[in-house]
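As provided, target-v5.pdb (PDB, C-alpha atoms) reads as follows.
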ATOM      1  CA  MET A 363      77.062 119.797  90.973
ATOM      2  CA  VAL A 364      80.061 117.446  90.763
ATOM      3  CA  PRO A 365      81.560 117.522  87.265
ATOM      4  CA  ARG A 366      81.786 114.428  85.099
ATOM      5  CA  ILE A 367      85.393 113.270  84.787
ATOM      6  CA  GLY A 368      86.530 111.203  81.828
ATOM      7  CA  PRO A 369      84.440 108.649  79.927
ATOM      8  CA  GLU A 370      82.751 107.273  83.084
ATOM      9  CA  ALA A 371      81.138 109.339  85.834
ATOM     10  CA  PHE A 372      82.826 109.093  89.227
ATOM     11  CA  TYR A 373      81.541 111.375  91.918
ATOM     12  CA  SER A 374      83.662 112.583  94.805
ATOM     13  CA  GLN A 375      83.317 115.291  97.374
ATOM     14  CA  ALA A 376      86.186 114.109  99.572
ATOM     15  CA  GLU A 377      89.863 114.836  99.918
ATOM     16  CA  ILE A 378      92.670 113.762 102.264
ATOM     17  CA  THR A 379      93.414 116.574 104.701
ATOM     18  CA  ALA A 380      95.781 114.897 107.190
ATOM     19  CA  ILE A 381      97.985 111.808 107.463
ATOM     20  CA  GLY A 382      99.798 109.950 110.227
ATOM     21  CA  SER A 383     101.605 106.671 110.792
ATOM     22  CA  TYR A 384     103.144 104.458 113.423
ATOM     23  CA  VAL A 385     105.389 101.404 113.479
ATOM     24  CA  PRO A 386     106.597  99.468 116.529
ATOM     25  CA  ASP A 387     110.129 100.123 117.777
ATOM     26  CA  ASN A 388     111.242  96.497 117.556
ATOM     27  CA  ARG A 389     113.060  95.674 114.305
ATOM     28  CA  LEU A 390     113.467  92.193 112.822
ATOM     29  CA  THR A 391     116.338  92.313 110.342
ATOM     30  CA  ASN A 392     117.147  89.867 107.580
ATOM     31  CA  ASP A 393     120.252  88.782 109.446
ATOM     32  CA  GLU A 394     118.158  87.978 112.517
ATOM     33  CA  LEU A 395     115.769  85.947 110.361
ATOM     34  CA  SER A 396     118.699  83.998 108.948
ATOM     35  CA  ALA A 397     119.343  82.708 112.467
ATOM     36  CA  MET A 398     115.747  81.400 112.599
ATOM     37  CA  VAL A 399     115.337  79.813 109.150
ATOM     38  CA  GLU A 400     117.602  78.901 106.256
ATOM     39  CA  THR A 401     117.941  82.242 104.486
ATOM     40  CA  SER A 402     120.251  85.259 104.185
ATOM     41  CA  ASP A 403     120.068  89.011 103.797
ATOM     42  CA  GLU A 404     121.263  88.720 100.197
ATOM     43  CA  TRP A 405     118.602  86.084  99.361
ATOM     44  CA  ILE A 406     115.745  88.102 100.890
ATOM     45  CA  VAL A 407     116.748  91.440  99.340
ATOM     46  CA  ARG A 408     117.286  89.914  95.902
ATOM     47  CA  ARG A 409     113.853  88.264  95.893
ATOM     48  CA  THR A 410     111.743  90.815  97.783
ATOM     49  CA  GLY A 411     113.602  94.106  98.325
ATOM     50  CA  ILE A 412     112.806  93.852 102.052
ATOM     51  CA  HIS A 413     115.590  94.761 104.500
ATOM     52  CA  GLU A 414     113.733  94.603 107.803
ATOM     53  CA  ARG A 415     110.279  94.663 109.321
ATOM     54  CA  ARG A 416     108.782  96.038 112.559
ATOM     55  CA  ILE A 417     107.319  93.654 115.136
ATOM     56  CA  ALA A 418     104.667  94.487 117.715
ATOM     57  CA  GLY A 419     105.284  93.566 121.344
ATOM     58  CA  PRO A 420     103.478  90.684 123.084
ATOM     59  CA  ARG A 421     100.858  93.071 124.515
ATOM     60  CA  GLU A 422     100.737  95.390 121.484
ATOM     61  CA  PHE A 423      97.897  94.779 119.032
ATOM     62  CA  SER A 424      96.381  96.347 115.919
ATOM     63  CA  SER A 425      94.273  98.787 117.933
ATOM     64  CA  HIS A 426      97.360 100.104 119.746
ATOM     65  CA  LEU A 427      99.130 100.734 116.438
ATOM     66  CA  ALA A 428      96.026 102.373 114.964
ATOM     67  CA  ILE A 429      95.631 104.688 117.954
ATOM     68  CA  GLN A 430      99.273 105.770 117.724
ATOM     69  CA  ALA A 431      98.931 106.471 113.984
ATOM     70  CA  VAL A 432      95.829 108.600 114.594
ATOM     71  CA  ARG A 433      97.586 110.411 117.445
ATOM     72  CA  ASN A 434     100.475 111.157 115.077
ATOM     73  CA  LEU A 435      97.986 112.580 112.545
ATOM     74  CA  ILE A 436      96.282 114.761 115.165
ATOM     75  CA  ASP A 437      99.558 116.085 116.572
ATOM     76  CA  ARG A 438     100.992 116.941 113.157
ATOM     77  CA  TYR A 439      97.922 118.594 111.648
ATOM     78  CA  GLY A 440      96.168 119.964 114.719
ATOM     79  CA  ARG A 441      92.900 118.152 114.066
ATOM     80  CA  ASN A 442      90.162 118.000 116.702
ATOM     81  CA  PRO A 443      88.871 114.427 117.268
ATOM     82  CA  ALA A 444      85.508 115.864 118.319
ATOM     83  CA  ASP A 445      84.899 116.885 114.694
ATOM     84  CA  ILE A 446      85.211 113.311 113.381
ATOM     85  CA  ASP A 447      81.911 111.570 112.637
ATOM     86  CA  ALA A 448      83.055 108.146 111.378
ATOM     87  CA  VAL A 449      85.980 105.741 111.841
ATOM     88  CA  ILE A 450      86.778 102.980 109.336
ATOM     89  CA  VAL A 451      89.630 100.594 110.112
ATOM     90  CA  ALA A 452      91.011  98.245 107.453
ATOM     91  CA  THR A 453      92.654  95.213 109.063
ATOM     92  CA  THR A 454      92.994  91.436 108.778
ATOM     93  CA  THR A 455      94.396  91.155 112.308
ATOM     94  CA  PRO A 456      91.886  92.700 114.735
ATOM     95  CA  ASP A 457      92.593  92.342 118.440
ATOM     96  CA  HIS A 458      89.305  90.465 118.829
ATOM     97  CA  PHE A 459      86.483  89.072 116.682
ATOM     98  CA  PHE A 460      84.571  91.866 118.410
ATOM     99  CA  PRO A 461      84.602  94.615 119.601
ATOM    100  CA  SER A 462      86.053  96.183 116.471
ATOM    101  CA  VAL A 463      89.382  97.957 116.265
ATOM    102  CA  ALA A 464      87.465 101.023 115.056
ATOM    103  CA  SER A 465      85.512 101.091 118.301
ATOM    104  CA  ARG A 466      88.796 101.043 120.250
ATOM    105  CA  VAL A 467      89.992 104.048 118.234
ATOM    106  CA  GLN A 468      86.693 105.805 118.921
ATOM    107  CA  GLN A 469      87.067 105.156 122.635
ATOM    108  CA  ALA A 470      90.693 106.270 122.768
ATOM    109  CA  PHE A 471      89.888 109.728 121.405
ATOM    110  CA  GLY A 472      86.444 110.178 122.947
ATOM    111  CA  ILE A 473      84.831 110.646 119.545
ATOM    112  CA  GLU A 474      81.096 111.058 120.172
ATOM    113  CA  SER A 475      78.228 109.972 117.899
ATOM    114  CA  ALA A 476      80.589 108.265 115.441
ATOM    115  CA  LEU A 477      79.945 105.425 113.054
ATOM    116  CA  ALA A 478      82.776 102.935 113.654
ATOM    117  CA  PHE A 479      83.474  99.630 111.921
ATOM    118  CA  ASP A 480      86.257  97.374 110.644
ATOM    119  CA  LEU A 481      86.662  96.372 107.011
ATOM    120  CA  ASN A 482      88.541  93.258 105.890
ATOM    121  CA  ALA A 483      89.668  93.295 102.278
ATOM    122  CA  ALA A 484      93.186  92.091 103.135
ATOM    123  CA  CYS A 485      95.905  93.992 101.265
ATOM    124  CA  ALA A 486      93.272  95.921  99.285
ATOM    125  CA  GLY A 487      91.690  97.012 102.569
ATOM    126  CA  PHE A 488      92.970 100.575 102.828
ATOM    127  CA  VAL A 489      91.887 101.518  99.297
ATOM    128  CA  SER A 490      88.534  99.762  99.816
ATOM    129  CA  ALA A 491      88.082 101.768 103.027
ATOM    130  CA  LEU A 492      88.814 105.016 101.158
ATOM    131  CA  GLN A 493      86.241 104.069  98.518
ATOM    132  CA  THR A 494      83.708 103.324 101.251
ATOM    133  CA  ALA A 495      84.438 106.573 103.088
ATOM    134  CA  ASN A 496      84.010 108.573  99.877
ATOM    135  CA  GLY A 497      80.608 106.956  99.369
ATOM    136  CA  LEU A 498      79.548 107.812 102.916
ATOM    137  CA  ILE A 499      80.592 111.432 102.431
ATOM    138  CA  LEU A 500      78.630 111.563  99.169
ATOM    139  CA  THR A 501      75.452 110.650 101.057
ATOM    140  CA  GLY A 502      75.790 113.905 102.965
ATOM    141  CA  ALA A 503      75.502 112.102 106.302
ATOM    142  CA  TYR A 504      79.231 112.323 107.132
ATOM    143  CA  ARG A 505      81.769 115.094 106.794
ATOM    144  CA  LYS A 506      85.020 113.917 108.419
ATOM    145  CA  ILE A 507      86.034 110.264 108.377
ATOM    146  CA  LEU A 508      89.141 108.652 109.821
ATOM    147  CA  VAL A 509      90.436 105.851 107.578
ATOM    148  CA  VAL A 510      93.070 103.615 109.156
ATOM    149  CA  GLY A 511      95.055 100.642 107.878
ATOM    150  CA  THR A 512      96.591  98.639 110.722
ATOM    151  CA  GLU A 513      98.118  95.179 110.990
ATOM    152  CA  THR A 514      99.999  92.950 113.413
ATOM    153  CA  LEU A 515     100.793  90.216 110.911
ATOM    154  CA  SER A 516     103.694  88.959 113.039
ATOM    155  CA  LYS A 517     101.070  87.405 115.324
ATOM    156  CA  ILE A 518      99.826  85.117 112.526
ATOM    157  CA  THR A 519     103.192  84.460 110.863
ATOM    158  CA  ASN A 520     104.825  81.041 111.021
ATOM    159  CA  TYR A 521     108.491  81.731 111.762
ATOM    160  CA  THR A 522     109.515  78.237 110.638
ATOM    161  CA  ASP A 523     108.153  78.858 107.113
ATOM    162  CA  ARG A 524     110.855  80.617 105.093
ATOM    163  CA  SER A 525     108.483  81.438 102.242
ATOM    164  CA  THR A 526     106.264  83.655 104.420
ATOM    165  CA  CYS A 527     108.182  84.735 107.528
ATOM    166  CA  ILE A 528     110.594  86.868 105.498
ATOM    167  CA  LEU A 529     107.717  88.981 104.189
ATOM    168  CA  PHE A 530     105.419  90.199 106.919
ATOM    169  CA  GLY A 531     105.629  93.050 109.409
ATOM    170  CA  ASP A 532     103.487  95.279 111.602
ATOM    171  CA  GLY A 533     102.444  98.917 111.290
ATOM    172  CA  ALA A 534      99.614 101.408 110.881
ATOM    173  CA  GLY A 535      98.758 104.442 108.778
ATOM    174  CA  ALA A 536      95.827 106.842 109.035
ATOM    175  CA  VAL A 537      94.297 109.601 106.932
ATOM    176  CA  LEU A 538      91.463 112.041 107.513
ATOM    177  CA  LEU A 539      88.939 112.367 104.700
ATOM    178  CA  GLU A 540      86.908 115.569 104.672
ATOM    179  CA  ARG A 541      83.965 116.784 102.637
ATOM    180  CA  THR A 542      84.935 119.378 100.051
ATOM    181  CA  GLU A 543      83.210 121.137  97.179
ATOM    182  CA  ARG A 544      85.604 119.768  94.574
ATOM    183  CA  GLY A 545      86.477 116.158  95.300
ATOM    184  CA  ALA A 546      90.061 114.935  94.963
ATOM    185  CA  PHE A 547      89.135 111.361  94.011
ATOM    186  CA  LEU A 548      89.150 111.032  90.230
ATOM    187  CA  ALA A 549      88.245 107.386  89.552
ATOM    188  CA  SER A 550      87.722 104.077  91.317
ATOM    189  CA  HIS A 551      88.034 100.418  90.371
ATOM    190  CA  ALA A 552      87.582  97.092  92.184
ATOM    191  CA  VAL A 553      87.679  93.413  91.186
ATOM    192  CA  THR A 554      87.388  90.230  93.233
ATOM    193  CA  ASP A 555      88.218  86.660  92.174
ATOM    194  CA  GLY A 556      86.946  84.507  95.021
ATOM    195  CA  GLU A 557      88.052  81.299  93.313
ATOM    196  CA  GLY A 558      91.635  82.278  94.095
ATOM    197  CA  GLY A 559      91.041  82.546  97.828
ATOM    198  CA  ILE A 560      92.880  79.277  98.491
ATOM    199  CA  GLN A 561      96.155  80.833  97.259
ATOM    200  CA  VAL A 562      96.678  82.953 100.395
ATOM    201  CA  TYR A 563      94.759  82.551 103.651
ATOM    202  CA  ALA A 564      94.768  82.259 107.423
ATOM    203  CA  ALA A 565      92.236  79.739 108.717
ATOM    204  CA  GLY A 566      89.632  80.845 111.251
ATOM    205  CA  LEU A 567      86.454  79.208 112.528
ATOM    206  CA  SER A 568      86.293  76.956 109.460
ATOM    207  CA  ALA A 569      89.081  74.496 108.729
ATOM    208  CA  GLU A 570      88.222  74.191 105.023
ATOM    209  CA  LEU A 571      87.672  76.403 101.985
ATOM    210  CA  ASP A 572      85.648  75.228  98.979
ATOM    211  CA  GLY A 573      85.965  71.682 100.298
ATOM    212  CA  GLN A 574      89.745  71.872 100.653
ATOM    213  CA  PRO A 575      91.308  71.412 104.115
ATOM    214  CA  LEU A 576      93.256  74.435 105.349
ATOM    215  CA  ASP A 577      96.769  74.258 106.788
ATOM    216  CA  GLY A 578      98.701  76.595 109.043
ATOM    217  CA  ASP A 579      96.692  76.372 112.281
ATOM    218  CA  GLY A 580      95.598  79.991 111.892
ATOM    219  CA  LYS A 581      98.948  81.242 110.570
ATOM    220  CA  ILE A 582      99.431  82.749 107.096
ATOM    221  CA  VAL A 583      99.666  80.225 104.274
ATOM    222  CA  GLN A 584     100.576  81.518 100.821
ATOM    223  CA  ASN A 585     101.257  80.015  97.425
ATOM    224  CA  GLY A 586     103.732  82.736  96.537
ATOM    225  CA  ARG A 587     104.267  81.625  92.956
ATOM    226  CA  GLU A 588     100.550  81.688  92.124
ATOM    227  CA  VAL A 589      99.935  85.008  93.911
ATOM    228  CA  TYR A 590     102.858  86.555  92.023
ATOM    229  CA  LYS A 591     101.530  85.287  88.675
ATOM    230  CA  TRP A 592      98.026  86.575  89.449
ATOM    231  CA  ALA A 593      99.243  90.025  90.508
ATOM    232  CA  VAL A 594     101.635  90.560  87.602
ATOM    233  CA  SER A 595      99.095  89.356  85.032
ATOM    234  CA  THR A 596      96.005  91.195  86.343
ATOM    235  CA  ILE A 597      97.087  94.408  88.103
ATOM    236  CA  PRO A 598      98.403  96.158  84.943
ATOM    237  CA  GLU A 599      95.059  95.561  83.223
ATOM    238  CA  GLY A 600      93.191  96.784  86.304
ATOM    239  CA  MET A 601      95.336  99.910  86.366
ATOM    240  CA  LYS A 602      94.589 100.599  82.708
ATOM    241  CA  ARG A 603      90.853 100.286  83.364
ATOM    242  CA  LEU A 604      91.165 102.640  86.330
ATOM    243  CA  LEU A 605      92.995 105.243  84.255
ATOM    244  CA  GLU A 606      90.500 104.936  81.375
ATOM    245  CA  LYS A 607      87.670 105.827  83.761
ATOM    246  CA  ALA A 608      89.325 109.215  84.312
ATOM    247  CA  GLY A 609      90.378 109.683  80.700
ATOM    248  CA  MET A 610      94.036 109.382  81.730
ATOM    249  CA  THR A 611      97.092 107.352  80.786
ATOM    250  CA  VAL A 612     100.095 106.302  82.856
ATOM    251  CA  ALA A 613     101.924 109.341  81.479
ATOM    252  CA  ASP A 614      99.505 111.550  83.441
ATOM    253  CA  LEU A 615     100.508 109.995  86.764
ATOM    254  CA  ASP A 616     103.068 111.492  89.103
ATOM    255  CA  TRP A 617     103.167 108.439  91.377
ATOM    256  CA  PHE A 618     102.008 104.824  91.428
ATOM    257  CA  VAL A 619     101.331 103.569  94.984
ATOM    258  CA  PRO A 620     100.727  99.806  94.928
ATOM    259  CA  HIS A 621     100.408  97.491  97.881
ATOM    260  CA  SER A 622     103.965  96.888  99.092
ATOM    261  CA  ALA A 623     103.915  93.109  98.891
ATOM    262  CA  ASN A 624     107.293  92.605  97.272
ATOM    263  CA  LEU A 625     109.451  95.100  95.384
ATOM    264  CA  ARG A 626     110.277  92.578  92.654
ATOM    265  CA  MET A 627     106.539  92.161  92.048
ATOM    266  CA  ILE A 628     106.133  95.951  91.851
ATOM    267  CA  GLU A 629     109.016  96.153  89.377
ATOM    268  CA  ALA A 630     107.335  93.548  87.154
ATOM    269  CA  ILE A 631     103.972  95.343  87.340
ATOM    270  CA  CYS A 632     105.600  98.676  86.478
ATOM    271  CA  GLU A 633     107.385  97.103  83.518
ATOM    272  CA  ARG A 634     104.114  95.745  82.121
ATOM    273  CA  LEU A 635     102.448  99.100  82.711
ATOM    274  CA  GLY A 636     105.220 100.996  80.968
ATOM    275  CA  PHE A 637     105.645 103.087  84.121
ATOM    276  CA  PRO A 638     109.022 103.907  85.709
ATOM    277  CA  PHE A 639     109.604 101.914  88.890
ATOM    278  CA  GLU A 640     111.399 104.995  90.270
ATOM    279  CA  ARG A 641     108.037 106.784  90.344
ATOM    280  CA  SER A 642     106.399 104.156  92.544
ATOM    281  CA  LEU A 643     105.968 104.701  96.280
ATOM    282  CA  HIS A 644     106.378 101.738  98.592
ATOM    283  CA  SER A 645     107.104 100.787 102.190
ATOM    284  CA  ALA A 646     108.351  97.212 101.857
ATOM    285  CA  GLY A 647     112.066  97.984 102.248
ATOM    286  CA  PRO A 648     111.970  99.235 105.850
ATOM    287  CA  TYR A 649     108.680  97.648 106.979
ATOM    288  CA  GLY A 650     108.035  94.505 104.914
ATOM    289  CA  ASN A 651     104.565  93.516 103.755
ATOM    290  CA  THR A 652     102.125  95.177 106.168
ATOM    291  CA  SER A 653      98.949  94.322 104.208
ATOM    292  CA  ALA A 654      96.288  97.029 104.771
ATOM    293  CA  ALA A 655      98.890  99.357 106.323
ATOM    294  CA  SER A 656     101.372  99.269 103.436
ATOM    295  CA  ILE A 657      99.835 101.994 101.237
ATOM    296  CA  PRO A 658      99.309 104.633 103.974
ATOM    297  CA  LEU A 659     102.813 103.882 105.285
ATOM    298  CA  ALA A 660     104.205 104.418 101.767
ATOM    299  CA  LEU A 661     102.292 107.696 101.452
ATOM    300  CA  ASP A 662     103.576 108.993 104.777
ATOM    301  CA  LEU A 663     107.145 107.987 103.963
ATOM    302  CA  ALA A 664     106.824 110.005 100.736
ATOM    303  CA  VAL A 665     105.473 112.978 102.690
ATOM    304  CA  SER A 666     108.380 112.833 105.158
ATOM    305  CA  GLU A 667     110.901 112.527 102.311
ATOM    306  CA  GLY A 668     109.414 115.520 100.467
ATOM    307  CA  LYS A 669     108.407 113.465  97.423
ATOM    308  CA  LEU A 670     104.667 114.106  97.520
ATOM    309  CA  LYS A 671     103.674 117.604  96.463
ATOM    310  CA  LYS A 672     100.355 119.378  96.343
ATOM    311  CA  GLY A 673      98.758 118.814  92.946
ATOM    312  CA  HIS A 674     100.426 115.462  92.265
ATOM    313  CA  ARG A 675      98.228 112.772  90.769
ATOM    314  CA  LEU A 676      98.456 109.340  92.372
ATOM    315  CA  ALA A 677      97.145 105.871  91.641
ATOM    316  CA  LEU A 678      96.663 103.814  94.798
ATOM    317  CA  TYR A 679      96.275 100.112  94.071
ATOM    318  CA  GLY A 680      95.761  97.438  96.720
ATOM    319  CA  PHE A 681      95.675  93.728  95.953
ATOM    320  CA  GLY A 682      95.900  90.459  97.835
ATOM    321  CA  SER A 683      93.995  87.698  99.603
ATOM    322  CA  GLY A 684      90.490  87.185  98.391
ATOM    323  CA  LEU A 685      91.741  87.501  95.668
ATOM    324  CA  THR A 686      90.880  91.179  95.831
ATOM    325  CA  GLN A 687      92.088  94.323  94.118
ATOM    326  CA  ALA A 688      91.007  97.936  94.530
ATOM    327  CA  GLY A 689      92.308 101.049  92.807
ATOM    328  CA  LEU A 690      91.776 104.750  93.333
ATOM    329  CA  LEU A 691      93.016 107.770  91.382
ATOM    330  CA  LEU A 692      93.357 110.947  93.392
ATOM    331  CA  GLU A 693      94.857 114.392  93.416
ATOM    332  CA  TRP A 694      97.120 115.069  96.397
ATOM    333  CA  ARG A 695      96.102 118.368  98.015
ATOM    334  CA  LEU A 696      97.908 118.067 101.305
ATOM    335  CA  ASP A 697     100.898 120.252 102.114
ATOM    336  CA  GLY A 698     103.868 118.453 103.693
TER     337      GLY A 698
END
Represent the supplied structure as structure tokens.
Amino acid sequence: MVPRIGPEAFYSQAEITAIGSYVPDNRLTNDELSAMVETSDEWIVRRTGIHERRIAGPREFSSHLAIQAVRNLIDRYGRNPADIDAVIVATTTPDHFFPSVASRVQQAFGIESALAFDLNAACAGFVSALQTANGLILTGAYRKILVVGTETLSKITNYTDRSTCILFGDGAGAVLLERTERGAFLASHAVTDGEGGIQVYAAGLSAELDGQPLDGDGKIVQNGREVYKWAVSTIPEGMKRLLEKAGMTVADLDWFVPHSANLRMIEAICERLGFPFERSLHSAGPYGNTSAASIPLALDLAVSEGKLKKGHRLALYGFGSGLTQAGLLLEWRLDG
């Protein structure tokens, strides 16, 4: 029987048992961007904390990055793809409308009899995928699930728009979730405010949203000021609700792992939370905003730097277009 944790019951029989990541070789530095639009390295770093971002090649898509991240996981932890029974890929930039990126991952590793699907919750996608995978494991039908966050945002970025092109990059991160007797997930939280969807979008088959015409011709359009205000005003409250579900406070956390949208935004959120920014994990500096890939990339950077230790308690918190937010408290049980 899974024990009740904190004031609200949250059941988990899953833990992360392996992690991997991949970013393209091609770097786009702030100085290179300053030759494309009116900006500078000093301006970008002061406002975002981003130094560079990785850019996928013309024939390199989200599935290619996802496959490389999974291969990195398998090579490092000696996992057998044949044991995997489900693949969930969080992405806003699939190679195609269909087939799914998850099905391309399944094919690449010859995983038989696997459930495979993509999930689009934008920058909250990776945490939403973890929540979904935990639920599938709780049913008893699945034991080992690959969860991948992968993006090629450069392909939908307008490089004449200074407000967005300085932010976005490409990358992928993957974890393996396995069934365990004592689950490592301590609490979960999710909120969606669909009325705010117009604040950050990329148009698709429809050229309007709630009666408003959409700009950008399929490229990212963002009202940065409004997204910043929404995140800084709502994420601290969401974090407090997440912690309350586990009977915890911010003082009980070893690390806060938010979506790496913008380091100045993370600083403001940490200040409102009363949590030291130095104890946040992020990937924006070297990789930019990679949407669904940003949290697993931040986790793997922390693993490689020796920051994450077995037994640490983490709060993962994704937020972005939708407007969506998803949080997950977990105990880190993976050795370096």
Q. What's the 8 Å shell around Ser683 (chain A), counting all atoms listed in the file, without same-chain residues fewer than 6 positions away, as a list in words?
A. Ala483, Ala484, Cys485, Gly559, Gln561, Val562 and Tyr563 of chain A
Q. Separation of CA of Ala464 (chain A) and CA of Arg421 (chain A), in Å?
A.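 So the answer is 18.2 Å.
Take the PyMOL selection byres ((chain A and resi 502) around 12) and apply it to this file: it picks Ser374, Gln375, Ala376, Asp447, Ala495, Asn496, Gly497, Leu498, Ile499, Leu500, Thr501, Ala503, Tyr504, Arg505, Lys506, Glu540, Arg541, Thr542 and Glu543 of chain A.
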Take the residues from that selection and write them out as an mmCIF file, in the coordinates of the input, keeping C-alpha atoms.
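Just written: result24.cif:
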data_model
loop_
_atom_site.group_PDB
_atom_site.id
_atom_site.type_symbol
_atom_site.label_atom_id
_atom_site.label_comp_id
_atom_site.auth_asym_id
_atom_site.auth_seq_id
_atom_site.Cartn_x
_atom_site.Cartn_y
_atom_site.Cartn_z
ATOM 1 C CA SER A 374 83.662 112.583 94.805
ATOM 2 C CA GLN A 375 83.317 115.291 97.374
ATOM 3 C CA ALA A 376 86.186 114.109 99.572
ATOM 4 C CA ASP A 447 81.911 111.570 112.637
ATOM 5 C CA ALA A 495 84.438 106.573 103.088
ATOM 6 C CA ASN A 496 84.010 108.573 99.877
ATOM 7 C CA GLY A 497 80.608 106.956 99.369
ATOM 8 C CA LEU A 498 79.548 107.812 102.916
ATOM 9 C CA ILE A 499 80.592 111.432 102.431
ATOM 10 C CA LEU A 500 78.630 111.563 99.169
ATOM 11 C CA THR A 501 75.452 110.650 101.057
ATOM 12 C CA ALA A 503 75.502 112.102 106.302
ATOM 13 C CA TYR A 504 79.231 112.323 107.132
ATOM 14 C CA ARG A 505 81.769 115.094 106.794
ATOM 15 C CA LYS A 506 85.020 113.917 108.419
ATOM 16 C CA GLU A 540 86.908 115.569 104.672
ATOM 17 C CA ARG A 541 83.965 116.784 102.637
ATOM 18 C CA THR A 542 84.935 119.378 100.051
ATOM 19 C CA GLU A 543 83.210 121.137 97.179
#
Q | Atomic distance CA of Phe479 (chain A) - CA of Pro456 (chain A), expressed in Å with one decimal | A |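 Between CA of Phe479 (chain A) and CA of Pro456 (chain A) the gap is 11.3 Å.
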Q: Counting all atoms listed in the file, write as a list in words all protein and nucleic acid residues lying at most 10 Å from (110.0, 92.0, 97.8) in the file's frame.
A: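 Checking each residue against the 10 Å limit leaves Ile406, Val407, Arg408, Arg409, Thr410, Gly411, Ile412, His413, Ile528, Leu529, Ser622, Ala623, Asn624, Leu625, Arg626, Met627, Ile628, Glu629, Ala646, Gly647, Gly650 and Asn651 of chain A.
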Q) Exactly which residues make up the result of the PyMOL selection byres ((chain A and resi 605-612) around 10) on this file, given as a PyMOL selection string? A) chain A and resi 366-372+547-551+599-604+613-618+635-638+677+689-691
Q | Who sits within 8 Å of Ala418 (chain A), only C-alpha atoms, same chain under 3 positions skipped, as a list in words | A |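 Surrounding residues, per the criterion: Pro386, Asp387, Asn388, Arg421, Glu422, Phe423, Thr514, Ser516 and Asp532 of chain A.
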Just write the chosen residues, C-alpha atoms, as a PDB file, in the frame of the given file.
ATOM      1  CA  PRO A 386     106.597  99.468 116.529  1.00  0.00           C
ATOM      2  CA  ASP A 387     110.129 100.123 117.777  1.00  0.00           C
ATOM      3  CA  ASN A 388     111.242  96.497 117.556  1.00  0.00           C
ATOM      4  CA  ARG A 421     100.858  93.071 124.515  1.00  0.00           C
ATOM      5  CA  GLU A 422     100.737  95.390 121.484  1.00  0.00           C
ATOM      6  CA  PHE A 423      97.897  94.779 119.032  1.00  0.00           C
ATOM      7  CA  THR A 514      99.999  92.950 113.413  1.00  0.00           C
ATOM      8  CA  SER A 516     103.694  88.959 113.039  1.00  0.00           C
ATOM      9  CA  ASP A 532     103.487  95.279 111.602  1.00  0.00           C
TER      10      ASP A 532
END
